[in-house]
2 protein chains.
Amino acid sequence: MAGHVSDAVIRRLPGYYRHLRELEAAGVTSISSQELGERMHLTPSQIRQDINCFGGFGRQGYGYKVSELKGHIGEILGLTKEHQVIILGAGNIGCAVARYPTFSREGFKTIAMFDVTEDKVGTRMGDIPVYHMDELEKFLAAHPVDIAVLALPKRYAQDTLQRLYDSGVRAIWNFAPTDLQHPDDMLVVNVHLMDSLQQLSYRMAHRENAE
Amino acid sequence: MAGHVSDAVIRRLPGYYRHLRELEAAGVTSISSQELGERMHLTPSQIRQDINCFGGFGRQGYGYKVSELKGHIGEILGLTKEHQVIILGAGNIGCAVARYPTFSREGFKTIAMFDVTEDKVGTRMGDIPVYHMDELEKFLAAHPVDIAVLALPKRYAQDTLQRLYDSGVRAIWNFAPTDLQHPDDMLVVNVHLMDSLQQLSYRMAHRENAE
DNA sequence: ATAAATAAGTTAACGATTTCACATAGGGTG
DNA sequence: CACCCTATGTGAAATCGTTAACTTATTTAT
C-alpha cells in the first residue's frame with residue numbers, strides 16, 4: 001500500500017472507474033488484471049501496481065470483484081461525497097456543462113450559474129438559476145460551494161478566479177484557454193480543449209505510427 | 001535533433017504555442033528558457049530539451065524569438081494546414097464546439113454537422129448546415145474531411161466511428177465518455193470531461209499538498 | 001577589439017514510471 | 001480434503017522522462 005500516489009496513477013483512475021462502471025452495467029461480476037488490461041490497453045502489471053497503491057482489493061487466483069473495486073475507486077476519487085458546483089459563464093460551454101447528464105449523476109450538483117448578459121440573468125437553465133455576476137459574493141456568502149467551473153472568456157478568467165478565492169472557493173475546473181495564476185491552496189484543473197485538438201493535429205501531421 | 005518524440009513532449013507542445021501566442025500579443029519579441037519556464041512552471045532545462053527535439057530554434061546568449069518559435073511550433077503541430085471538420089451530434093457539446101471561436105481561428109473549419117432530431121436537421125448553426133445522420137456517407141463521398149468530432153451519446157459512438165472509418169475519415173476527436181475501439185490507422189483523441197473533473201475531485205479529497 | 005556576461009545546445013546523472021519475474025494465496029475440482 | 005491452477009501482490013530490473021552540469025556561441029560593454 002502507498003504513501004505517495006503519482007500523477008500518472010491519478011490520471012488513470014477515472015479510466016478504471018469508467019471501465020468498471022461499463023463492466024458492471026454489462027453484468028460482469030469479476031475480472032482479472034489480464035482482461036481489464038486488454039480492455040483498457042494497459043499491461044496487467046500496471047493495473048496491479050496501480051490498484052495496489054490503495055490496497056489489496058483483489059483476490060489471488062480469482063481476480064477483482066467488479067462492483068467492489070468500482071466502489072473502492074469511487075471512494076478514492078471522492079465520488080461518494082456530493083459536490084456543490086457553480087458555473088461561471090452561461091455561454092455555450094457553461095450550458096453544455098450544466099446539461100451534461102453524467103455530471104449530476106456522479107454527485108456534482110450545479111446550484112447556480114452566473115453571467116452578465118441581460119437576457120440570461122434571471123432565467124433558469126433547466127432547474128438551475130442564472131444570476132448576475134455582481135451577485136457572486138452574496139451568493140457565496142450564503143451557500144457553500146466546493147467547485148467553480150470557469151466557462152467564461154479568457155479576459156475575465158483571472159479576475160473571477162481571484163473573486164472566487166476571496167470568497168472561499170478552493171477548487172476550479174477551468175475551461176478558459178489560458179493558464180491561470182492561483183494561490184498554492186487553490187486547486188485548478190484545466191480542460192484546454194484546443195490543446196487536445198492540437199495534439200490530434202500533431203499526430204495527424206506525424207503519422208506513420210499506429211495505435 | 002530528434003527521431004522519436006515522447007508523449008510527454010507532445011502533451012506540452014500546445015502549451016508552448018498558447019504561451020507564445022500570449023507573449024506575442026503582449027508585444028514580447030524575445031524570451032529565454034528561464035523566463036518562459038517561470039511563466040509556464042517548467043524548468044529551463046526541460047524547455048530547452050523539448051524545443052531541441054525539433055531543432056535549434058534559439059540563439060545562444062540571446063534566447064528565442066517569440067514569433068519565430070511560435071511559427072515553428074505551429075508548423076510542428078500541423079496548424080499551418082487548414083483542417084476540414086465535421087461534428088457528429090448537434091447537442092450541447094456539438095454546439096459548443098461549433099461556436100468555439102478559437103477553433104476556426106486556428107484553421108479548423110467546420111463544414112457540416114449531423115444529427116437525428118427532426119427540428120435540428122435542415123437548420124444552420126451559425127453558417128454551418130445541419131444534416132441528417134443518414135446523409136453522412138453521401139456527404140463524405142462528396143467532401144474531403146480530415147477530422148470528425150464525436151459529440152453524440154455514447155451508445156451511438158462506436159457505430160458512428162465505424163461508419164466514419166468506412167468512408168475514409170482517419171482522425172476522431174471524441175467527446176463521448178467511453179474508450180472506443182478503432183483500427184490502427186485511425187487516430188482517436190479523447191476529451192473525457194468527466195475524467196478531468198474526477199481528477200479534481202481526487203485532489204480535493206486528498207489535499208494537504210500545494211502546487 | 002577584447003573581455004565578460006548571457007543563454008542555448010548537449011551530455012550525463014538522477015528520479016520516476018513501467019515492466020518483468022516470482023512467490024504466495026485463494027478457489028475449483030475430483 | 002488435498003491437489004492443482006489461476007491470478008494477485010510485490011520487489012527488482014529496465015525503461016523513460018526530468019534535471020543538472022557543462023560547453024559553446026552570441027551579445028554587450030568597456
# chains A, B, ... in the order shown; residues from 1 in each chain; ligands from 1
>>> select_by_dssp(residues="stretch 5-62 of chain A", states="helix (DSSP H, G or I)", output="compact mmCIF listing (two decimals) with all heavy atoms, in the first residue's frame")
# COMPACT_ATOMS: atom_id res chain seq x y z
N ASP A 7 1.22 11.21 -10.14
CA ASP A 7 0.34 11.84 -11.12
C ASP A 7 -0.15 10.88 -12.18
O ASP A 7 -1.31 10.92 -12.58
CB ASP A 7 1.15 12.95 -11.83
CG ASP A 7 0.52 14.29 -11.61
OD1 ASP A 7 0.23 14.62 -10.44
OD2 ASP A 7 0.32 15.01 -12.61
N ALA A 8 0.75 10.03 -12.62
CA ALA A 8 0.41 9.09 -13.68
C ALA A 8 -0.74 8.19 -13.23
O ALA A 8 -1.65 7.89 -14.01
CB ALA A 8 1.63 8.25 -14.06
N VAL A 9 -0.70 7.75 -11.98
CA VAL A 9 -1.77 6.90 -11.46
C VAL A 9 -3.07 7.69 -11.36
O VAL A 9 -4.13 7.20 -11.78
CB VAL A 9 -1.38 6.33 -10.08
CG1 VAL A 9 -2.53 5.54 -9.48
CG2 VAL A 9 -0.13 5.46 -10.19
N ILE A 10 -3.00 8.89 -10.85
CA ILE A 10 -4.20 9.72 -10.70
C ILE A 10 -4.89 9.94 -12.05
O ILE A 10 -6.10 9.88 -12.15
CB ILE A 10 -3.86 11.08 -10.05
CG1 ILE A 10 -3.28 10.86 -8.65
CG2 ILE A 10 -5.08 11.98 -9.98
CD1 ILE A 10 -2.73 12.11 -8.00
N ARG A 11 -4.09 10.13 -13.07
CA ARG A 11 -4.66 10.32 -14.40
C ARG A 11 -5.43 9.09 -14.87
O ARG A 11 -6.39 9.20 -15.62
CB ARG A 11 -3.55 10.64 -15.42
CG ARG A 11 -3.25 12.11 -15.59
CD ARG A 11 -2.55 12.38 -16.91
NE ARG A 11 -1.29 11.66 -17.02
CZ ARG A 11 -0.12 12.11 -16.56
NH1 ARG A 11 -0.05 13.29 -15.96
NH2 ARG A 11 0.98 11.41 -16.70
N ARG A 12 -4.95 7.92 -14.45
CA ARG A 12 -5.61 6.70 -14.92
C ARG A 12 -6.85 6.32 -14.11
O ARG A 12 -7.70 5.58 -14.59
CB ARG A 12 -4.62 5.53 -14.92
CG ARG A 12 -3.68 5.52 -16.10
CD ARG A 12 -2.89 4.22 -16.17
NE ARG A 12 -1.98 4.07 -15.06
CZ ARG A 12 -0.72 4.48 -15.03
NH1 ARG A 12 -0.22 5.08 -16.09
NH2 ARG A 12 0.04 4.30 -13.97
N LEU A 13 -6.93 6.78 -12.88
CA LEU A 13 -8.02 6.35 -12.00
C LEU A 13 -9.42 6.54 -12.62
O LEU A 13 -10.23 5.61 -12.58
CB LEU A 13 -7.95 7.08 -10.66
CG LEU A 13 -6.90 6.58 -9.67
CD1 LEU A 13 -6.90 7.46 -8.42
CD2 LEU A 13 -7.16 5.13 -9.28
N PRO A 14 -9.72 7.71 -13.18
CA PRO A 14 -11.06 7.85 -13.76
C PRO A 14 -11.33 6.85 -14.87
O PRO A 14 -12.47 6.40 -15.05
CB PRO A 14 -11.06 9.29 -14.30
CG PRO A 14 -10.04 10.00 -13.48
CD PRO A 14 -8.97 8.98 -13.24
N GLY A 15 -10.29 6.46 -15.59
CA GLY A 15 -10.45 5.45 -16.63
C GLY A 15 -10.86 4.11 -16.04
O GLY A 15 -11.74 3.42 -16.56
N TYR A 16 -10.21 3.72 -14.96
CA TYR A 16 -10.60 2.49 -14.27
C TYR A 16 -12.07 2.57 -13.87
O TYR A 16 -12.84 1.64 -14.10
CB TYR A 16 -9.75 2.28 -13.00
CG TYR A 16 -8.32 1.88 -13.28
CD1 TYR A 16 -7.27 2.64 -12.80
CD2 TYR A 16 -8.03 0.74 -14.00
CE1 TYR A 16 -5.95 2.28 -13.04
CE2 TYR A 16 -6.71 0.36 -14.24
CZ TYR A 16 -5.68 1.14 -13.76
OH TYR A 16 -4.38 0.78 -14.00
N TYR A 17 -12.41 3.69 -13.27
CA TYR A 17 -13.78 3.85 -12.77
C TYR A 17 -14.78 3.71 -13.92
O TYR A 17 -15.78 3.01 -13.79
CB TYR A 17 -13.91 5.22 -12.11
CG TYR A 17 -15.22 5.43 -11.40
CD1 TYR A 17 -15.47 4.83 -10.17
CD2 TYR A 17 -16.22 6.21 -11.96
CE1 TYR A 17 -16.66 5.00 -9.52
CE2 TYR A 17 -17.42 6.39 -11.32
CZ TYR A 17 -17.64 5.79 -10.10
OH TYR A 17 -18.84 5.97 -9.45
N ARG A 18 -14.48 4.35 -15.04
CA ARG A 18 -15.37 4.31 -16.19
C ARG A 18 -15.52 2.89 -16.74
O ARG A 18 -16.63 2.44 -17.00
CB ARG A 18 -14.82 5.26 -17.26
CG ARG A 18 -15.61 5.35 -18.53
CD ARG A 18 -15.37 6.65 -19.27
NE ARG A 18 -14.00 7.15 -19.10
CZ ARG A 18 -12.93 6.70 -19.73
NH1 ARG A 18 -13.05 5.69 -20.58
NH2 ARG A 18 -11.76 7.24 -19.52
N HIS A 19 -14.39 2.19 -16.87
CA HIS A 19 -14.47 0.83 -17.40
C HIS A 19 -15.19 -0.10 -16.43
O HIS A 19 -15.96 -0.97 -16.86
CB HIS A 19 -13.07 0.31 -17.72
CG HIS A 19 -12.56 0.80 -19.03
ND1 HIS A 19 -12.74 0.11 -20.21
CD2 HIS A 19 -11.92 1.94 -19.37
CE1 HIS A 19 -12.21 0.79 -21.21
NE2 HIS A 19 -11.71 1.91 -20.73
N LEU A 20 -14.95 0.08 -15.15
CA LEU A 20 -15.63 -0.77 -14.18
C LEU A 20 -17.13 -0.52 -14.19
O LEU A 20 -17.93 -1.44 -14.06
CB LEU A 20 -15.05 -0.52 -12.78
CG LEU A 20 -13.63 -1.08 -12.61
CD1 LEU A 20 -12.97 -0.49 -11.37
CD2 LEU A 20 -13.64 -2.61 -12.54
N ARG A 21 -17.51 0.75 -14.36
CA ARG A 21 -18.93 1.07 -14.48
C ARG A 21 -19.54 0.34 -15.69
O ARG A 21 -20.60 -0.26 -15.59
CB ARG A 21 -19.10 2.58 -14.64
CG ARG A 21 -20.43 3.00 -15.27
CD ARG A 21 -20.50 4.49 -15.47
NE ARG A 21 -20.56 5.18 -14.21
CZ ARG A 21 -21.62 5.24 -13.43
NH1 ARG A 21 -22.74 4.59 -13.78
NH2 ARG A 21 -21.59 5.89 -12.30
N GLU A 22 -18.83 0.39 -16.80
CA GLU A 22 -19.33 -0.27 -18.01
C GLU A 22 -19.43 -1.78 -17.82
O GLU A 22 -20.40 -2.41 -18.24
CB GLU A 22 -18.43 0.06 -19.22
CG GLU A 22 -18.63 1.48 -19.74
CD GLU A 22 -17.72 1.82 -20.91
OE1 GLU A 22 -16.96 0.95 -21.36
OE2 GLU A 22 -17.77 2.98 -21.38
N LEU A 23 -18.42 -2.34 -17.18
CA LEU A 23 -18.44 -3.78 -16.93
C LEU A 23 -19.61 -4.15 -16.03
O LEU A 23 -20.30 -5.13 -16.27
CB LEU A 23 -17.11 -4.21 -16.29
CG LEU A 23 -15.92 -4.25 -17.24
CD1 LEU A 23 -14.62 -4.27 -16.46
CD2 LEU A 23 -16.01 -5.46 -18.17
N GLU A 24 -19.80 -3.35 -15.00
CA GLU A 24 -20.89 -3.62 -14.06
C GLU A 24 -22.23 -3.56 -14.80
O GLU A 24 -23.08 -4.45 -14.63
CB GLU A 24 -20.86 -2.58 -12.93
CG GLU A 24 -21.75 -2.91 -11.76
CD GLU A 24 -21.68 -1.82 -10.70
OE1 GLU A 24 -21.71 -0.60 -11.05
OE2 GLU A 24 -21.58 -2.16 -9.50
N ALA A 25 -22.37 -2.54 -15.64
CA ALA A 25 -23.62 -2.38 -16.41
C ALA A 25 -23.82 -3.56 -17.35
O ALA A 25 -24.95 -3.96 -17.63
CB ALA A 25 -23.59 -1.07 -17.18
N SER A 33 -6.72 -8.81 -13.95
CA SER A 33 -5.91 -7.71 -14.47
C SER A 33 -5.60 -7.94 -15.95
O SER A 33 -5.49 -6.99 -16.73
CB SER A 33 -4.62 -7.56 -13.67
OG SER A 33 -3.86 -8.75 -13.73
N GLN A 34 -5.48 -9.21 -16.32
CA GLN A 34 -5.27 -9.57 -17.71
C GLN A 34 -6.40 -9.04 -18.62
O GLN A 34 -6.16 -8.32 -19.58
CB GLN A 34 -5.19 -11.11 -17.81
CG GLN A 34 -5.10 -11.67 -19.22
CD GLN A 34 -3.72 -11.45 -19.84
OE1 GLN A 34 -2.72 -11.64 -19.16
NE2 GLN A 34 -3.69 -11.04 -21.10
N GLU A 35 -7.63 -9.41 -18.24
CA GLU A 35 -8.78 -9.00 -19.06
C GLU A 35 -8.97 -7.49 -19.06
O GLU A 35 -9.24 -6.86 -20.09
CB GLU A 35 -10.06 -9.65 -18.52
CG GLU A 35 -10.09 -11.15 -18.67
CD GLU A 35 -11.20 -11.79 -17.84
OE1 GLU A 35 -11.22 -11.62 -16.59
OE2 GLU A 35 -12.07 -12.44 -18.43
N LEU A 36 -8.86 -6.89 -17.88
CA LEU A 36 -9.04 -5.44 -17.77
C LEU A 36 -7.97 -4.72 -18.59
O LEU A 36 -8.23 -3.71 -19.24
CB LEU A 36 -8.99 -5.01 -16.30
CG LEU A 36 -9.36 -3.56 -15.98
CD1 LEU A 36 -10.75 -3.20 -16.51
CD2 LEU A 36 -9.30 -3.31 -14.47
N GLY A 37 -6.77 -5.29 -18.57
CA GLY A 37 -5.68 -4.72 -19.35
C GLY A 37 -5.95 -4.74 -20.85
O GLY A 37 -5.70 -3.76 -21.55
N GLU A 38 -6.49 -5.85 -21.31
CA GLU A 38 -6.81 -5.93 -22.73
C GLU A 38 -7.84 -4.88 -23.10
O GLU A 38 -7.75 -4.20 -24.11
CB GLU A 38 -7.35 -7.32 -23.08
CG GLU A 38 -6.23 -8.32 -23.37
CD GLU A 38 -6.69 -9.76 -23.24
OE1 GLU A 38 -7.91 -10.03 -23.35
OE2 GLU A 38 -5.82 -10.63 -23.01
N ARG A 39 -8.82 -4.73 -22.24
CA ARG A 39 -9.89 -3.77 -22.47
C ARG A 39 -9.39 -2.34 -22.48
O ARG A 39 -9.82 -1.51 -23.27
CB ARG A 39 -10.91 -3.95 -21.35
CG ARG A 39 -12.23 -3.34 -21.63
CD ARG A 39 -13.12 -3.40 -20.39
NE ARG A 39 -14.09 -2.36 -20.49
CZ ARG A 39 -15.34 -2.55 -20.92
NH1 ARG A 39 -15.76 -3.76 -21.22
NH2 ARG A 39 -16.17 -1.52 -21.02
N MET A 40 -8.47 -2.04 -21.57
CA MET A 40 -8.03 -0.65 -21.41
C MET A 40 -6.72 -0.34 -22.12
O MET A 40 -6.21 0.78 -22.03
CB MET A 40 -7.88 -0.33 -19.91
CG MET A 40 -9.19 -0.35 -19.17
SD MET A 40 -9.01 0.13 -17.44
CE MET A 40 -8.55 1.86 -17.60
N PRO A 44 -1.22 -5.89 -17.62
CA PRO A 44 -1.74 -6.40 -16.35
C PRO A 44 -0.90 -5.93 -15.16
O PRO A 44 -1.44 -5.59 -14.11
CB PRO A 44 -1.65 -7.92 -16.52
CG PRO A 44 -1.64 -8.15 -17.99
CD PRO A 44 -1.01 -6.95 -18.61
N SER A 45 0.41 -5.91 -15.35
CA SER A 45 1.32 -5.43 -14.30
C SER A 45 0.94 -4.04 -13.82
O SER A 45 0.88 -3.77 -12.62
CB SER A 45 2.74 -5.35 -14.83
OG SER A 45 3.39 -6.57 -14.72
N GLN A 46 0.75 -3.19 -14.79
CA GLN A 46 0.46 -1.80 -14.44
C GLN A 46 -0.84 -1.69 -13.66
O GLN A 46 -0.93 -0.94 -12.67
CB GLN A 46 0.36 -0.97 -15.72
CG GLN A 46 0.13 0.49 -15.43
CD GLN A 46 0.49 1.35 -16.60
OE1 GLN A 46 -0.02 1.18 -17.70
NE2 GLN A 46 1.37 2.29 -16.38
N ILE A 47 -1.81 -2.44 -14.06
CA ILE A 47 -3.09 -2.40 -13.36
C ILE A 47 -2.92 -2.88 -11.92
O ILE A 47 -3.42 -2.26 -10.98
CB ILE A 47 -4.13 -3.26 -14.12
CG1 ILE A 47 -4.52 -2.51 -15.40
CG2 ILE A 47 -5.34 -3.55 -13.27
CD1 ILE A 47 -5.39 -3.29 -16.33
N ARG A 48 -2.18 -3.95 -11.74
CA ARG A 48 -1.98 -4.45 -10.37
C ARG A 48 -1.22 -3.43 -9.52
O ARG A 48 -1.56 -3.18 -8.36
CB ARG A 48 -1.25 -5.79 -10.39
CG ARG A 48 -2.09 -6.89 -11.04
CD ARG A 48 -1.64 -8.28 -10.61
NE ARG A 48 -0.27 -8.59 -10.95
CZ ARG A 48 0.14 -9.05 -12.13
NH1 ARG A 48 -0.73 -9.25 -13.10
NH2 ARG A 48 1.40 -9.32 -12.35
N GLN A 49 -0.18 -2.84 -10.13
CA GLN A 49 0.57 -1.81 -9.41
C GLN A 49 -0.32 -0.63 -9.01
O GLN A 49 -0.28 -0.16 -7.88
CB GLN A 49 1.72 -1.27 -10.27
CG GLN A 49 2.86 -2.22 -10.47
CD GLN A 49 3.87 -2.18 -9.34
OE1 GLN A 49 3.54 -1.79 -8.24
NE2 GLN A 49 5.09 -2.59 -9.62
N ASP A 50 -1.09 -0.16 -9.98
CA ASP A 50 -1.95 0.99 -9.73
C ASP A 50 -2.91 0.72 -8.58
O ASP A 50 -3.03 1.51 -7.65
CB ASP A 50 -2.77 1.34 -10.98
CG ASP A 50 -1.93 2.04 -12.06
OD1 ASP A 50 -0.75 2.34 -11.79
OD2 ASP A 50 -2.46 2.28 -13.15
N ILE A 51 -3.57 -0.41 -8.66
CA ILE A 51 -4.58 -0.72 -7.66
C ILE A 51 -3.94 -0.91 -6.29
O ILE A 51 -4.49 -0.53 -5.26
CB ILE A 51 -5.40 -1.96 -8.08
CG1 ILE A 51 -6.26 -1.61 -9.31
CG2 ILE A 51 -6.26 -2.47 -6.95
CD1 ILE A 51 -6.95 -2.78 -9.94
N ASN A 52 -2.73 -1.45 -6.31
CA ASN A 52 -2.05 -1.68 -5.04
C ASN A 52 -1.54 -0.42 -4.35
O ASN A 52 -1.08 -0.48 -3.22
CB ASN A 52 -0.91 -2.67 -5.22
CG ASN A 52 -1.33 -4.01 -4.75
OD1 ASN A 52 -2.30 -4.57 -5.28
ND2 ASN A 52 -0.68 -4.51 -3.72
>>> residues_around(residues="D:DA25", least_positions_apart="6", cutoff="10 Å", atoms="only C-alpha atoms (C1' of nucleotides)", output="MDAnalysis selection string")
(chainID B and resid 59:62) or (chainID C and resid 7:9)
>>> interface_residues(of="chain D", to="chain A", cutoff="7 Å", atoms="only C-alpha atoms (C1' of nucleotides)", output="ChimeraX atom specification")
/D:6-8
>>> write_last_selection(atoms="N, CA and C atoms (P, O5', C5', C4', C3', O3' and C1' of nucleotides)", output="mmCIF file, in the first residue's frame")
data_model
loop_
_atom_site.group_PDB
_atom_site.id
_atom_site.type_symbol
_atom_site.label_atom_id
_atom_site.label_comp_id
_atom_site.auth_asym_id
_atom_site.auth_seq_id
_atom_site.Cartn_x
_atom_site.Cartn_y
_atom_site.Cartn_z
ATOM 1 P P DT D 6 -4.967 -22.671 -15.433
ATOM 2 O "O5'" DT D 6 -5.451 -21.306 -14.775
ATOM 3 C "C5'" DT D 6 -6.684 -21.259 -14.058
ATOM 4 C "C4'" DT D 6 -6.641 -20.086 -13.089
ATOM 5 C "C3'" DT D 6 -6.111 -18.806 -13.710
ATOM 6 O "O3'" DT D 6 -7.083 -17.805 -13.510
ATOM 7 C "C1'" DT D 6 -5.078 -19.223 -11.612
ATOM 8 P P DA D 7 -7.113 -16.481 -14.416
ATOM 9 O "O5'" DA D 7 -6.657 -15.377 -13.383
ATOM 10 C "C5'" DA D 7 -7.281 -15.278 -12.110
ATOM 11 C "C4'" DA D 7 -6.363 -14.523 -11.207
ATOM 12 C "C3'" DA D 7 -5.708 -13.312 -11.857
ATOM 13 O "O3'" DA D 7 -5.735 -12.254 -10.941
ATOM 14 C "C1'" DA D 7 -4.084 -14.618 -10.865
ATOM 15 P P DT D 8 -5.351 -10.748 -11.311
ATOM 16 O "O5'" DT D 8 -4.900 -10.246 -9.876
ATOM 17 C "C5'" DT D 8 -5.793 -10.419 -8.770
ATOM 18 C "C4'" DT D 8 -4.994 -10.632 -7.502
ATOM 19 C "C3'" DT D 8 -4.196 -9.412 -7.052
ATOM 20 O "O3'" DT D 8 -4.483 -9.139 -5.684
ATOM 21 C "C1'" DT D 8 -2.781 -11.324 -7.211
#
>>> select_by_dssp(residues="stretch 16-148 of chain B", states="strand (DSSP E or B)", output="ChimeraX atom specification")
/B:30-31,58-59,63-65,83-88,108-115,124-125,128-132,147-148
>>> interface_residues(of="chain C", to="chain A", cutoff="7 Å", atoms="only C-alpha atoms (C1' of nucleotides)", output="number ranges by chain")
C: 18-19, 25-27
>>> write_last_selection(atoms="C-alpha atoms (C1' of nucleotides)", output="mmCIF file, in the first residue's frame")
data_model
loop_
_atom_site.group_PDB
_atom_site.id
_atom_site.type_symbol
_atom_site.label_atom_id
_atom_site.label_comp_id
_atom_site.auth_asym_id
_atom_site.auth_seq_id
_atom_site.Cartn_x
_atom_site.Cartn_y
_atom_site.Cartn_z
ATOM 1 C "C1'" DT C 18 6.643 0.787 -16.196
ATOM 2 C "C1'" DT C 19 7.561 -3.906 -16.890
ATOM 3 C "C1'" DA C 25 -2.744 -17.106 -1.504
ATOM 4 C "C1'" DG C 26 -7.367 -18.350 -2.814
ATOM 5 C "C1'" DG C 27 -10.754 -21.066 -5.443
#
>>> interface_residues(of="chain A", to="chain B", cutoff="6 Å", atoms="only C-alpha atoms", output="PDB file with C-alpha atoms, in the first residue's frame")
ATOM      1  CA  PRO A  14     -11.063   7.853 -13.757  1.00  0.00           C
ATOM      2  CA  LEU A  77     -11.826   9.588  -6.282  1.00  0.00           C
ATOM      3  CA  GLY A  78     -14.020  11.308  -3.729  1.00  0.00           C
ATOM      4  CA  ASN A  92     -22.054  27.509 -24.927  1.00  0.00           C
ATOM      5  CA  ILE A  93     -19.607  25.735 -22.694  1.00  0.00           C
ATOM      6  CA  ALA A  96     -23.000  22.163 -22.093  1.00  0.00           C
ATOM      7  CA  ASP A 184      -0.986  27.366  -3.532  1.00  0.00           C
ATOM      8  CA  ASP A 185      -4.028  26.285  -1.567  1.00  0.00           C
ATOM      9  CA  ASP A 195      -4.617  21.651 -26.560  1.00  0.00           C
ATOM     10  CA  SER A 201      -3.343  17.692 -35.291  1.00  0.00           C
ATOM     11  CA  TYR A 202       0.258  16.891 -34.323  1.00  0.00           C
ATOM     12  CA  ALA A 205       0.915  15.593 -39.247  1.00  0.00           C
ATOM     13  CA  ALA A 210      -0.093   3.075 -35.297  1.00  0.00           C
ATOM     14  CA  GLU A 211      -2.030   2.739 -32.009  1.00  0.00           C
TER      15      GLU A 211
END
>>> decode(residues="stretch 42-65 of chain A", atoms="C-alpha atoms", output="mmCIF file, in the first residue's frame")
data_model
loop_
_atom_site.group_PDB
_atom_site.id
_atom_site.type_symbol
_atom_site.label_atom_id
_atom_site.label_comp_id
_atom_site.auth_asym_id
_atom_site.auth_seq_id
_atom_site.Cartn_x
_atom_site.Cartn_y
_atom_site.Cartn_z
ATOM 1 C CA LEU A 42 -2.713 -1.354 -20.309
ATOM 2 C CA THR A 43 -0.427 -4.134 -19.105
ATOM 3 C CA PRO A 44 -1.744 -6.400 -16.352
ATOM 4 C CA SER A 45 1.316 -5.433 -14.300
ATOM 5 C CA GLN A 46 0.457 -1.800 -14.437
ATOM 6 C CA ILE A 47 -3.091 -2.405 -13.356
ATOM 7 C CA ARG A 48 -1.979 -4.446 -10.365
ATOM 8 C CA GLN A 49 0.575 -1.807 -9.408
ATOM 9 C CA ASP A 50 -1.952 0.989 -9.731
ATOM 10 C CA ILE A 51 -4.584 -0.719 -7.658
ATOM 11 C CA ASN A 52 -2.048 -1.681 -5.035
ATOM 12 C CA CYS A 53 -1.301 1.969 -4.394
ATOM 13 C CA PHE A 54 -4.515 1.910 -2.412
ATOM 14 C CA GLY A 55 -4.682 -1.594 -1.022
ATOM 15 C CA GLY A 56 -5.214 -5.200 -1.987
ATOM 16 C CA PHE A 57 -8.676 -5.140 -3.448
ATOM 17 C CA GLY A 58 -8.262 -8.348 -5.409
ATOM 18 C CA ARG A 59 -8.217 -11.994 -4.514
ATOM 19 C CA GLN A 60 -5.388 -14.194 -5.654
ATOM 20 C CA GLY A 61 -6.410 -16.880 -8.083
ATOM 21 C CA TYR A 62 -9.717 -15.111 -8.710
ATOM 22 C CA GLY A 63 -9.268 -11.510 -9.798
ATOM 23 C CA TYR A 64 -11.224 -8.437 -8.765
ATOM 24 C CA LYS A 65 -14.910 -8.169 -7.940
#
